[in-house]
Amino acid sequence: MQGGGGRLFNRPGARYAMGMRQSLTEIYDARVANGALRADAAQRAVLPLLEAVRTGLEEVRKPGLFGIFGKPAAPVRGLYLWGGVGRGKSMLMDLFCDATQVPKRRVHFHAFMQEVQTRLHAARKSGVADAIRPVAQSVADEVRLLCFDEMQVTDIADAMIVGRLFDYLFERGVTVVTTSNRVPEDLYKDGLNRQLFLPFIAMIRAGLDVHALESETDYRQHRLAGAEVYFTPAGAAAHAQMNRLWDELTGHDEASRLVLNVKGREVVLEHFHNGVGRASFWDLCAAMLGPADYLAIAEAVRVLMIDDIPHLSAGNFNEAKRFVILIDALYEARVRLICSAADVPERLYIEGEGTFEFERTASRLREMQSADWAAAGDTPAAG
């Protein structure tokens with residue numbers, strides 16, 4: 001199960017081969033000392049919690065070495081780290097995952113659940129009575145540690161199976177460490193048949209330590225503070241500026257595809273990393289997407305980069321309508337928007353049906369350019 005941007009690690013690093021082991025706090029402090037990180041007391045306070053998980057995993061017996069009763073070792077208690085945008089949750093997850101020397105996977109939660117749904121479909125076709133059990137077993141055969149970025153549940157298909165899936169994973173000794181923009185009690189909030197989802201929240205509380213990252217520093221917003229985020233006219237210069245910001249926000253790391261399951265359909269962002277998504281106007285607005293799709297995208301990303309927004313008119317009316325819906329979804333979710341466009345917002349749509357309605361969109365595009373716009377919202381976002 002290695003698609004969706006996940007990384008599977010099995011080989012101990014050279015540092016371990018030499019008998020040397022730095023604690024996570026030592027690694028963090030070294031990065032602060034060399035200027036790679038800025039010291040943050042709230043981030044540093046999380047490291048002992050992650051270190052306890054790391055130590056427990058590295059000391060427990062390996063999978064397959066079961067006792068006389070043929071059961072795997074109990075999972076090491078994991079961690080649910082939640083907090084607002086740009087607080088450093090993903091950075092802490094990367095530091096922990098890279099340093100922990102067990103079979104592991106680090107993957108965006110949406111991508112993981114999409115893979116699970118695919119495997120469930122294949123298992124059901126084989127005629128098994130309980131498709132979740134063999135899928136969970138296959139995951140447990142591959143890893144002892146699952147690191148999820150941005151746990152959130154918006155799809156009813158995921159909501160209805162995630163509890164039993166995690167119950168089996170815990171039963172097979174898999175440890176989970178996850179980040180989220182929501183406290184566990186707000187997962188799948190207002191979702192259909194939410195009462196069936198509530199046991200999963202209780203399972204999180206029982207199986208994971210829940211910790212709020214309360215740093216007052218928003219690093220993603222800091223990187224964008226004062227930066228230009230709307231580039232016009234679209235062209236080579238604008239594209240170069242967009243690439244520069246993309247590299248800065250993603251840390252020059254390789255991006256993956258983000259696949260969202262919306263009412264049984266796949267909605268794909270071809271470029272995604274650590275809460276930052278990127279797509280062209282035509283990818284987002286020429287495809288047959290609707291409000292539910294754009295809401296799912298807005299829920300999944302904290303920063304969205306849109307390339308090559310064209311002039312809009314009666315000639316591309318359907319695309320323009322979808323663009324209006326997309327901007328509304330991003331605006332309401334307080335998603336940070338970075339884009340390149342053919343013209344300034346007020347001159348993107350100046351003739352034909354829909355110009356009056358577009359005035360609000362132009363106003364929102366202008367408002368979303370302000371350095372403190374995303375931070376002004378009440379809804380916390382993943383970071």
# chains A, B, ... in the order shown; residues from 1 in each chain; ligands from 1

call {"tool": "closest_atom_pairs", "arguments": {"of": "stretch 280-330 of chain A", "to": "stretch 177-184 of chain A", "cutoff": "12 Å", "atoms": "only C-alpha atoms", "output": "tab-separated table"}}
result
residue	atom	partner	partner_atom	distance
A:Glu299	CA	A:Asn181	CA	10.0
A:Ala300	CA	A:Asn181	CA	10.2
A:Val301	CA	A:Asn181	CA	10.8
A:Arg302	CA	A:Asn181	CA	9.9

call {"tool": "select_by_dssp", "arguments": {"residues": "stretch 93-288 of chain A", "states": "strand (DSSP E)", "output": "PyMOL selection string"}}
result
chain A and resi 104-108+145-149+175-180+208-212+230-231+256-262+265-273+276-280

call {"tool": "write_last_selection", "arguments": {"atoms": "C-alpha atoms", "output": "PDB file, in the first residue's frame"}}
result
ATOM      1  CA  LYS A 104       6.278   2.550   8.715  1.00  0.00           C
ATOM      2  CA  ARG A 105       4.278   4.688   6.383  1.00  0.00           C
ATOM      3  CA  ARG A 106       3.639   8.415   6.296  1.00  0.00           C
ATOM      4  CA  VAL A 107       0.618   9.316   4.161  1.00  0.00           C
ATOM      5  CA  HIS A 108      -2.153  11.876   3.875  1.00  0.00           C
ATOM      6  CA  LEU A 145       3.557   2.531  12.380  1.00  0.00           C
ATOM      7  CA  LEU A 146       1.085   4.633  10.400  1.00  0.00           C
ATOM      8  CA  CYS A 147       1.723   8.384  10.323  1.00  0.00           C
ATOM      9  CA  PHE A 148      -1.291  10.266   9.005  1.00  0.00           C
ATOM     10  CA  ASP A 149      -1.211  13.886   7.942  1.00  0.00           C
ATOM     11  CA  THR A 175       0.481   2.204  16.112  1.00  0.00           C
ATOM     12  CA  VAL A 176      -1.063   5.403  14.742  1.00  0.00           C
ATOM     13  CA  VAL A 177       0.319   8.927  14.995  1.00  0.00           C
ATOM     14  CA  THR A 178      -1.754  11.581  13.256  1.00  0.00           C
ATOM     15  CA  THR A 179      -2.139  15.311  12.814  1.00  0.00           C
ATOM     16  CA  SER A 180      -5.475  17.036  12.408  1.00  0.00           C
ATOM     17  CA  LEU A 208      -4.095   7.697  21.287  1.00  0.00           C
ATOM     18  CA  ASP A 209      -2.900  10.525  23.469  1.00  0.00           C
ATOM     19  CA  VAL A 210      -4.638  13.694  22.269  1.00  0.00           C
ATOM     20  CA  HIS A 211      -2.503  16.839  22.375  1.00  0.00           C
ATOM     21  CA  ALA A 212      -3.249  20.371  21.169  1.00  0.00           C
ATOM     22  CA  TYR A 230      -1.935  37.116  -7.115  1.00  0.00           C
ATOM     23  CA  PHE A 231       0.180  37.269 -10.263  1.00  0.00           C
ATOM     24  CA  SER A 256       1.927  13.469  -4.721  1.00  0.00           C
ATOM     25  CA  ARG A 257      -1.588  13.153  -6.110  1.00  0.00           C
ATOM     26  CA  LEU A 258      -4.434  13.775  -3.712  1.00  0.00           C
ATOM     27  CA  VAL A 259      -7.481  11.659  -4.526  1.00  0.00           C
ATOM     28  CA  LEU A 260     -10.716  12.570  -2.747  1.00  0.00           C
ATOM     29  CA  ASN A 261     -13.740  10.298  -2.740  1.00  0.00           C
ATOM     30  CA  VAL A 262     -16.860  12.430  -3.088  1.00  0.00           C
ATOM     31  CA  ARG A 265     -16.529   9.701  -7.450  1.00  0.00           C
ATOM     32  CA  GLU A 266     -12.847  10.546  -7.515  1.00  0.00           C
ATOM     33  CA  VAL A 267     -11.766  14.194  -7.375  1.00  0.00           C
ATOM     34  CA  VAL A 268      -8.043  14.542  -8.030  1.00  0.00           C
ATOM     35  CA  LEU A 269      -5.491  17.226  -7.262  1.00  0.00           C
ATOM     36  CA  GLU A 270      -2.425  16.236  -9.257  1.00  0.00           C
ATOM     37  CA  HIS A 271      -0.017  18.182  -7.021  1.00  0.00           C
ATOM     38  CA  PHE A 272      -0.292  18.067  -3.239  1.00  0.00           C
ATOM     39  CA  HIS A 273       2.086  18.152  -0.283  1.00  0.00           C
ATOM     40  CA  VAL A 276      -0.688  22.685  -0.093  1.00  0.00           C
ATOM     41  CA  GLY A 277      -2.443  21.836  -3.369  1.00  0.00           C
ATOM     42  CA  ARG A 278      -1.839  23.083  -6.895  1.00  0.00           C
ATOM     43  CA  ALA A 279      -3.859  22.811 -10.110  1.00  0.00           C
ATOM     44  CA  SER A 280      -4.653  24.777 -13.223  1.00  0.00           C
TER      45      SER A 280
END

call {"tool": "residues_around", "arguments": {"residues": "stretch 344-360 of chain A", "least_positions_apart": "5", "cutoff": "7 Å", "atoms": "only C-alpha atoms", "output": "PDB file with N, CA and C atoms, in the first residue's frame"}}
result
ATOM      1  N   THR A 232      -0.356  38.651 -12.170  1.00  0.00           N
ATOM      2  CA  THR A 232      -0.965  38.971 -13.447  1.00  0.00           C
ATOM      3  C   THR A 232      -0.006  39.838 -14.268  1.00  0.00           C
ATOM      4  N   HIS A 311      -9.462  35.215 -18.918  1.00  0.00           N
ATOM      5  CA  HIS A 311     -10.609  36.114 -18.987  1.00  0.00           C
ATOM      6  C   HIS A 311     -11.869  35.267 -19.137  1.00  0.00           C
ATOM      7  N   LEU A 312     -12.933  35.676 -18.479  1.00  0.00           N
ATOM      8  CA  LEU A 312     -14.175  34.913 -18.451  1.00  0.00           C
ATOM      9  C   LEU A 312     -15.266  35.687 -19.171  1.00  0.00           C
ATOM     10  N   SER A 313     -16.161  34.938 -19.838  1.00  0.00           N
ATOM     11  CA  SER A 313     -17.228  35.570 -20.620  1.00  0.00           C
ATOM     12  C   SER A 313     -18.263  34.503 -20.948  1.00  0.00           C
ATOM     13  N   ALA A 314     -19.192  34.859 -21.838  1.00  0.00           N
ATOM     14  CA  ALA A 314     -20.203  33.888 -22.268  1.00  0.00           C
ATOM     15  C   ALA A 314     -19.567  32.690 -22.947  1.00  0.00           C
ATOM     16  N   LEU A 365     -11.774  37.667  -4.225  1.00  0.00           N
ATOM     17  CA  LEU A 365     -10.411  37.466  -4.710  1.00  0.00           C
ATOM     18  C   LEU A 365      -9.489  38.577  -4.216  1.00  0.00           C
ATOM     19  N   ARG A 366      -9.992  39.774  -4.202  1.00  0.00           N
ATOM     20  CA  ARG A 366      -9.197  40.902  -3.714  1.00  0.00           C
ATOM     21  C   ARG A 366      -8.959  40.765  -2.206  1.00  0.00           C
TER      22      ARG A 366
END

call {"tool": "residues_around", "arguments": {"residues": "stretch 38-40 of chain A", "least_positions_apart": "3", "cutoff": "9 Å", "atoms": "only C-alpha atoms", "output": "count of residues only"}}
result
11

call {"tool": "closest_residue", "arguments": {"among": "A:Ala52, A:Val128, A:Ala333, A:Ala362", "to": "A:Ala296", "atoms": "only C-alpha atoms"}}
result
A:Ala333

call {"tool": "closest_residue", "arguments": {"among": "A:Pro75, A:Gly173, A:Pro310, A:Gly88", "to": "A:Ala234", "atoms": "only C-alpha atoms"}}
result
A:Pro310

call {"tool": "decode", "arguments": {"residues": "stretch 24-176 of chain A", "atoms": "C-alpha atoms", "output": "mmCIF file, in the first residue's frame"}}
result
data_model
loop_
_atom_site.group_PDB
_atom_site.id
_atom_site.type_symbol
_atom_site.label_atom_id
_atom_site.label_comp_id
_atom_site.auth_asym_id
_atom_site.auth_seq_id
_atom_site.Cartn_x
_atom_site.Cartn_y
_atom_site.Cartn_z
ATOM 1 C CA LEU A 24 13.971 13.916 18.775
ATOM 2 C CA THR A 25 14.679 16.879 21.042
ATOM 3 C CA GLU A 26 18.384 16.697 20.165
ATOM 4 C CA ILE A 27 17.554 16.564 16.453
ATOM 5 C CA TYR A 28 15.174 19.506 16.813
ATOM 6 C CA ASP A 29 17.662 21.590 18.813
ATOM 7 C CA ALA A 30 20.381 20.908 16.247
ATOM 8 C CA ARG A 31 18.133 22.179 13.465
ATOM 9 C CA VAL A 32 17.331 25.277 15.478
ATOM 10 C CA ALA A 33 21.053 25.831 16.074
ATOM 11 C CA ASN A 34 21.899 25.626 12.368
ATOM 12 C CA GLY A 35 19.021 27.901 11.378
ATOM 13 C CA ALA A 36 16.877 25.257 9.687
ATOM 14 C CA LEU A 37 14.109 25.771 12.266
ATOM 15 C CA ARG A 38 12.955 28.604 14.463
ATOM 16 C CA ALA A 39 12.712 27.709 18.155
ATOM 17 C CA ASP A 40 9.139 27.226 19.328
ATOM 18 C CA ALA A 41 8.332 26.181 22.901
ATOM 19 C CA ALA A 42 5.010 24.543 21.977
ATOM 20 C CA GLN A 43 6.644 22.432 19.270
ATOM 21 C CA ARG A 44 9.462 21.406 21.595
ATOM 22 C CA ALA A 45 6.939 20.343 24.235
ATOM 23 C CA VAL A 46 5.473 17.777 21.813
ATOM 24 C CA LEU A 47 8.815 16.038 21.228
ATOM 25 C CA PRO A 48 8.888 14.016 24.487
ATOM 26 C CA LEU A 49 5.430 12.652 23.614
ATOM 27 C CA LEU A 50 6.663 11.559 20.201
ATOM 28 C CA GLU A 51 9.884 10.242 21.718
ATOM 29 C CA ALA A 52 7.876 7.960 24.007
ATOM 30 C CA VAL A 53 6.073 6.496 20.990
ATOM 31 C CA ARG A 54 9.349 6.103 19.112
ATOM 32 C CA THR A 55 11.076 4.369 22.028
ATOM 33 C CA GLY A 56 8.158 2.034 22.603
ATOM 34 C CA LEU A 57 8.081 1.021 18.947
ATOM 35 C CA GLU A 58 11.802 0.436 18.672
ATOM 36 C CA GLU A 59 11.926 -1.644 21.851
ATOM 37 C CA VAL A 60 8.838 -3.821 21.329
ATOM 38 C CA ARG A 61 9.292 -7.199 19.660
ATOM 39 C CA LYS A 62 8.922 -7.381 15.900
ATOM 40 C CA PRO A 63 5.655 -8.467 14.268
ATOM 41 C CA GLY A 64 5.418 -12.208 13.728
ATOM 42 C CA LEU A 65 7.194 -13.060 16.980
ATOM 43 C CA PHE A 66 3.931 -13.870 18.723
ATOM 44 C CA GLY A 67 3.570 -15.457 22.106
ATOM 45 C CA ILE A 68 2.257 -18.921 22.856
ATOM 46 C CA PHE A 69 -1.290 -17.733 22.260
ATOM 47 C CA GLY A 70 -0.449 -16.606 18.715
ATOM 48 C CA LYS A 71 -1.402 -12.965 19.233
ATOM 49 C CA PRO A 72 0.647 -9.943 18.189
ATOM 50 C CA ALA A 73 2.013 -7.545 20.761
ATOM 51 C CA ALA A 74 -0.342 -4.787 21.860
ATOM 52 C CA PRO A 75 0.223 -1.584 19.882
ATOM 53 C CA VAL A 76 2.308 1.149 21.390
ATOM 54 C CA ARG A 77 0.002 4.008 22.330
ATOM 55 C CA GLY A 78 0.019 6.614 19.558
ATOM 56 C CA LEU A 79 -0.593 10.354 19.369
ATOM 57 C CA TYR A 80 -3.308 12.620 17.923
ATOM 58 C CA LEU A 81 -1.774 16.075 17.413
ATOM 59 C CA TRP A 82 -4.227 18.805 16.506
ATOM 60 C CA GLY A 83 -4.065 22.553 16.061
ATOM 61 C CA GLY A 84 -4.363 25.475 13.667
ATOM 62 C CA VAL A 85 -2.738 26.271 10.359
ATOM 63 C CA GLY A 86 1.019 26.508 10.067
ATOM 64 C CA ARG A 87 1.816 25.537 13.659
ATOM 65 C CA GLY A 88 4.401 22.968 12.584
ATOM 66 C CA LYS A 89 2.414 19.742 12.966
ATOM 67 C CA SER A 90 3.569 18.297 9.650
ATOM 68 C CA MET A 91 7.184 19.225 10.361
ATOM 69 C CA LEU A 92 7.032 17.424 13.725
ATOM 70 C CA MET A 93 5.432 14.417 12.042
ATOM 71 C CA ASP A 94 8.234 14.285 9.463
ATOM 72 C CA LEU A 95 10.922 14.589 12.134
ATOM 73 C CA PHE A 96 9.355 11.761 14.150
ATOM 74 C CA CYS A 97 8.682 9.488 11.181
ATOM 75 C CA ASP A 98 12.137 9.897 9.656
ATOM 76 C CA ALA A 99 13.837 9.105 12.978
ATOM 77 C CA THR A 100 11.726 6.079 13.982
ATOM 78 C CA GLN A 101 13.353 2.862 12.810
ATOM 79 C CA VAL A 102 10.458 0.458 12.254
ATOM 80 C CA PRO A 103 8.435 -0.509 9.161
ATOM 81 C CA LYS A 104 6.278 2.550 8.715
ATOM 82 C CA ARG A 105 4.278 4.688 6.383
ATOM 83 C CA ARG A 106 3.639 8.415 6.296
ATOM 84 C CA VAL A 107 0.618 9.316 4.161
ATOM 85 C CA HIS A 108 -2.153 11.876 3.875
ATOM 86 C CA PHE A 109 -5.285 10.490 5.523
ATOM 87 C CA HIS A 110 -7.498 11.113 2.476
ATOM 88 C CA ALA A 111 -5.080 9.194 0.246
ATOM 89 C CA PHE A 112 -4.923 6.289 2.686
ATOM 90 C CA MET A 113 -8.703 5.984 2.897
ATOM 91 C CA GLN A 114 -8.968 6.109 -0.878
ATOM 92 C CA GLU A 115 -6.591 3.139 -1.075
ATOM 93 C CA VAL A 116 -8.570 1.317 1.605
ATOM 94 C CA GLN A 117 -11.791 1.778 -0.369
ATOM 95 C CA THR A 118 -10.062 0.373 -3.470
ATOM 96 C CA ARG A 119 -8.833 -2.648 -1.531
ATOM 97 C CA LEU A 120 -12.256 -3.188 0.018
ATOM 98 C CA HIS A 121 -13.810 -3.216 -3.442
ATOM 99 C CA ALA A 122 -11.341 -5.887 -4.577
ATOM 100 C CA ALA A 123 -11.898 -7.954 -1.417
ATOM 101 C CA ARG A 124 -15.672 -7.877 -1.822
ATOM 102 C CA LYS A 125 -15.355 -9.112 -5.396
ATOM 103 C CA SER A 126 -13.495 -12.147 -4.047
ATOM 104 C CA GLY A 127 -16.538 -13.059 -1.968
ATOM 105 C CA VAL A 128 -15.114 -12.683 1.556
ATOM 106 C CA ALA A 129 -17.707 -12.271 4.291
ATOM 107 C CA ASP A 130 -15.908 -9.386 6.010
ATOM 108 C CA ALA A 131 -13.822 -7.345 3.564
ATOM 109 C CA ILE A 132 -12.394 -5.018 6.227
ATOM 110 C CA ARG A 133 -10.521 -7.771 8.067
ATOM 111 C CA PRO A 134 -8.220 -8.879 5.193
ATOM 112 C CA VAL A 135 -7.608 -5.257 4.188
ATOM 113 C CA ALA A 136 -6.572 -4.368 7.735
ATOM 114 C CA GLN A 137 -4.401 -7.485 7.887
ATOM 115 C CA SER A 138 -2.622 -6.515 4.671
ATOM 116 C CA VAL A 139 -1.816 -3.096 6.134
ATOM 117 C CA ALA A 140 -0.598 -4.649 9.389
ATOM 118 C CA ASP A 141 1.619 -7.044 7.408
ATOM 119 C CA GLU A 142 3.365 -4.040 5.828
ATOM 120 C CA VAL A 143 3.837 -1.584 8.698
ATOM 121 C CA ARG A 144 3.929 -1.235 12.459
ATOM 122 C CA LEU A 145 3.557 2.531 12.380
ATOM 123 C CA LEU A 146 1.085 4.633 10.400
ATOM 124 C CA CYS A 147 1.723 8.384 10.323
ATOM 125 C CA PHE A 148 -1.291 10.266 9.005
ATOM 126 C CA ASP A 149 -1.211 13.886 7.942
ATOM 127 C CA GLU A 150 -4.473 15.805 8.336
ATOM 128 C CA MET A 151 -6.940 13.273 9.659
ATOM 129 C CA GLN A 152 -10.405 14.427 8.737
ATOM 130 C CA VAL A 153 -13.512 12.506 7.760
ATOM 131 C CA THR A 154 -15.995 14.090 5.379
ATOM 132 C CA ASP A 155 -17.139 11.135 3.278
ATOM 133 C CA ILE A 156 -19.863 8.851 4.615
ATOM 134 C CA ALA A 157 -18.254 5.808 2.997
ATOM 135 C CA ASP A 158 -15.101 6.450 5.045
ATOM 136 C CA ALA A 159 -17.073 7.287 8.181
ATOM 137 C CA MET A 160 -18.909 3.979 8.111
ATOM 138 C CA ILE A 161 -15.799 1.779 7.958
ATOM 139 C CA VAL A 162 -13.026 3.722 9.688
ATOM 140 C CA GLY A 163 -13.937 2.533 13.195
ATOM 141 C CA ARG A 164 -13.830 -1.170 12.379
ATOM 142 C CA LEU A 165 -10.709 -0.682 10.258
ATOM 143 C CA PHE A 166 -8.793 0.948 13.100
ATOM 144 C CA ASP A 167 -10.095 -1.610 15.587
ATOM 145 C CA TYR A 168 -8.514 -4.350 13.466
ATOM 146 C CA LEU A 169 -5.303 -2.354 12.994
ATOM 147 C CA PHE A 170 -4.931 -1.829 16.735
ATOM 148 C CA GLU A 171 -5.715 -5.504 17.293
ATOM 149 C CA ARG A 172 -2.843 -6.422 14.970
ATOM 150 C CA GLY A 173 -0.387 -4.159 16.811
ATOM 151 C CA VAL A 174 -0.278 -1.143 14.466
ATOM 152 C CA THR A 175 0.481 2.204 16.112
ATOM 153 C CA VAL A 176 -1.063 5.403 14.742
#
